[in-house]
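The next block is work_7.txt, given as compact mmCIF, C-alpha atoms.
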```
# COMPACT_ATOMS: atom_id res chain seq x y z
CA MET A 28 16.87 4.83 2.81
CA GLN A 29 19.15 4.96 -0.20
CA GLU A 30 22.79 6.02 0.14
CA LYS A 31 22.09 9.37 -1.56
CA ASP A 32 19.30 10.01 0.98
CA LYS A 33 21.54 9.34 3.99
CA LEU A 34 21.33 12.10 6.60
CA GLU A 35 24.33 13.69 8.25
CA ILE A 36 23.58 14.00 11.97
CA MET A 37 25.26 16.86 13.80
CA ASP A 38 24.61 16.68 17.55
CA GLU A 39 27.61 18.32 19.21
CA ASP A 40 25.43 21.04 20.76
CA ALA A 41 22.45 18.81 21.61
CA GLY A 42 21.22 18.75 25.18
CA HIS A 43 20.46 15.58 27.09
CA LEU A 44 17.08 15.06 28.75
CA PHE A 45 16.28 12.42 31.33
CA ALA A 46 12.76 11.21 31.99
CA ASN A 47 11.10 8.38 33.86
CA LEU A 48 7.60 9.39 32.82
CA ILE A 49 6.15 10.47 29.48
CA SER A 50 2.72 12.00 29.08
CA PHE A 51 0.75 12.12 25.84
CA ASN A 52 -1.56 14.99 24.89
CA ILE A 53 -3.17 14.24 21.55
CA ASN A 54 -5.41 16.27 19.27
CA PRO A 55 -6.27 15.89 15.56
CA GLU A 56 -3.22 17.92 14.47
CA GLU A 57 -0.43 16.91 16.82
CA VAL A 58 0.86 14.74 19.61
CA CYS A 59 2.55 16.51 22.49
CA LEU A 60 4.90 14.35 24.55
CA GLY A 61 5.65 15.66 28.03
CA LEU A 62 9.01 14.44 29.33
CA GLY A 63 9.10 14.43 33.10
CA VAL A 64 10.74 13.08 36.21
CA ARG A 65 8.68 11.52 38.99
CA ASP A 66 9.59 12.67 42.50
CA ILE A 67 10.87 9.57 44.33
CA ARG A 68 9.66 10.96 47.68
CA GLU A 69 6.25 11.94 46.28
CA PRO A 70 5.42 9.34 43.56
CA ASN A 71 2.23 11.21 42.59
CA VAL A 72 4.23 14.34 41.70
CA VAL A 73 5.80 14.62 38.24
CA MET A 74 7.87 17.58 37.14
CA ILE A 75 7.49 17.95 33.36
CA GLN A 76 10.81 19.26 32.04
CA ASP A 77 10.13 19.59 28.32
CA TYR A 78 7.41 19.13 25.73
CA LEU A 79 8.00 17.61 22.31
CA HIS A 80 5.39 18.55 19.69
CA LEU A 81 5.01 16.20 16.72
CA THR A 82 2.59 16.24 13.82
CA ILE A 83 0.56 13.05 13.54
CA PRO A 84 2.64 11.74 10.56
CA HIS A 85 5.90 12.47 12.43
CA PHE A 86 4.54 10.79 15.57
CA LEU A 87 3.62 7.69 13.55
CA ARG A 88 7.14 7.55 12.08
CA PHE A 89 8.59 8.03 15.56
CA ALA A 90 6.40 5.21 16.94
CA ASP A 91 7.44 2.89 14.08
CA ALA A 92 11.13 3.66 14.69
CA VAL A 93 10.78 2.98 18.43
CA ASN A 94 8.96 -0.29 17.74
CA GLN A 95 11.68 -1.40 15.30
CA GLN A 96 14.37 -0.69 17.89
CA VAL A 97 12.44 -2.56 20.60
CA ASN A 98 12.01 -5.57 18.30
CA LEU A 99 15.74 -5.52 17.50
CA LEU A 100 16.66 -5.45 21.20
CA VAL A 101 14.21 -8.29 21.95
CA GLU A 102 15.67 -10.38 19.10
CA LYS A 103 19.20 -9.80 20.43
CA GLY A 104 18.11 -10.80 23.94
CA VAL A 105 18.97 -7.41 25.43
CA ILE A 106 15.46 -6.77 26.72
CA THR A 107 12.20 -8.65 27.12
CA ARG A 108 8.63 -7.50 26.59
CA GLU A 109 7.63 -8.97 29.95
CA PRO A 110 6.35 -6.28 32.34
CA GLU A 111 8.47 -5.45 35.35
CA GLN A 112 7.46 -7.07 38.60
```
Translate the structure described by the file into structure tokens.
Amino acid sequence: MQEKDKLEIMDEDAGHLFANLISFNINPEEVCLGLGVRDIREPNVVMIQDYLHLTIPHFLRFADAVNQQVNLLVEKGVITREPEQ
């Protein structure tokens, strides 16, 4: 992104969501991410708190951005791609 294209991010009023499970509902027009919390006493129960609807192009950009951040964290030694045991 060029300097003139730099975005100003204003997030003072943004809410914070916490999730330990994400569901994907996909159709030809959009991807719907369900952000939920798994009940620790009933692991088969998930309470979906919010849905995020993305067009396919926006979802692809989101996926690329997440992958870039993961690669950066792996390179810095902050995380590993090894699955949890």
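With distances restricted to all atoms listed in the file, A:Phe45 is the closest residue to Val64 in chain A from A:Asn52, A:Phe45, A:His80, A:Phe89.
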Using only C-alpha atoms, tabulate the residues of range 46-101 of chain A lying at most 10 Å from any atom of range 107-112 of chain A, each with its closest atom pair and that distance in Å to one decimal, by chain and increasing residue number, as a Markdown table.
```
| residue | atom | partner | partner_atom | distance |
| --- | --- | --- | --- | --- |
| A:Val97 | CA | A:Arg108 | CA | 8.6 |
| A:Asn98 | CA | A:Arg108 | CA | 9.2 |
| A:Leu100 | CA | A:Thr107 | CA | 8.1 |
| A:Val101 | CA | A:Thr107 | CA | 5.6 |
```
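If you measure from each of A:Lys103, A:Asp40, A:Cys59, A:Val73 to His85 in chain A using all atoms listed in the file, the closest one turns out to be A:Cys59.
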Take CA of Gln76 in chain A and CA of Asp38 in chain A and report the distance between them in Å, one decimal. 20.2 Å
Which residues, written as number ranges by chain, have at least one atom at most 12 Å from Ile67 in chain A, with all atoms listed in the file counted and residues fewer than 5 positions away on the same chain left out? A: 47-48, 72-74
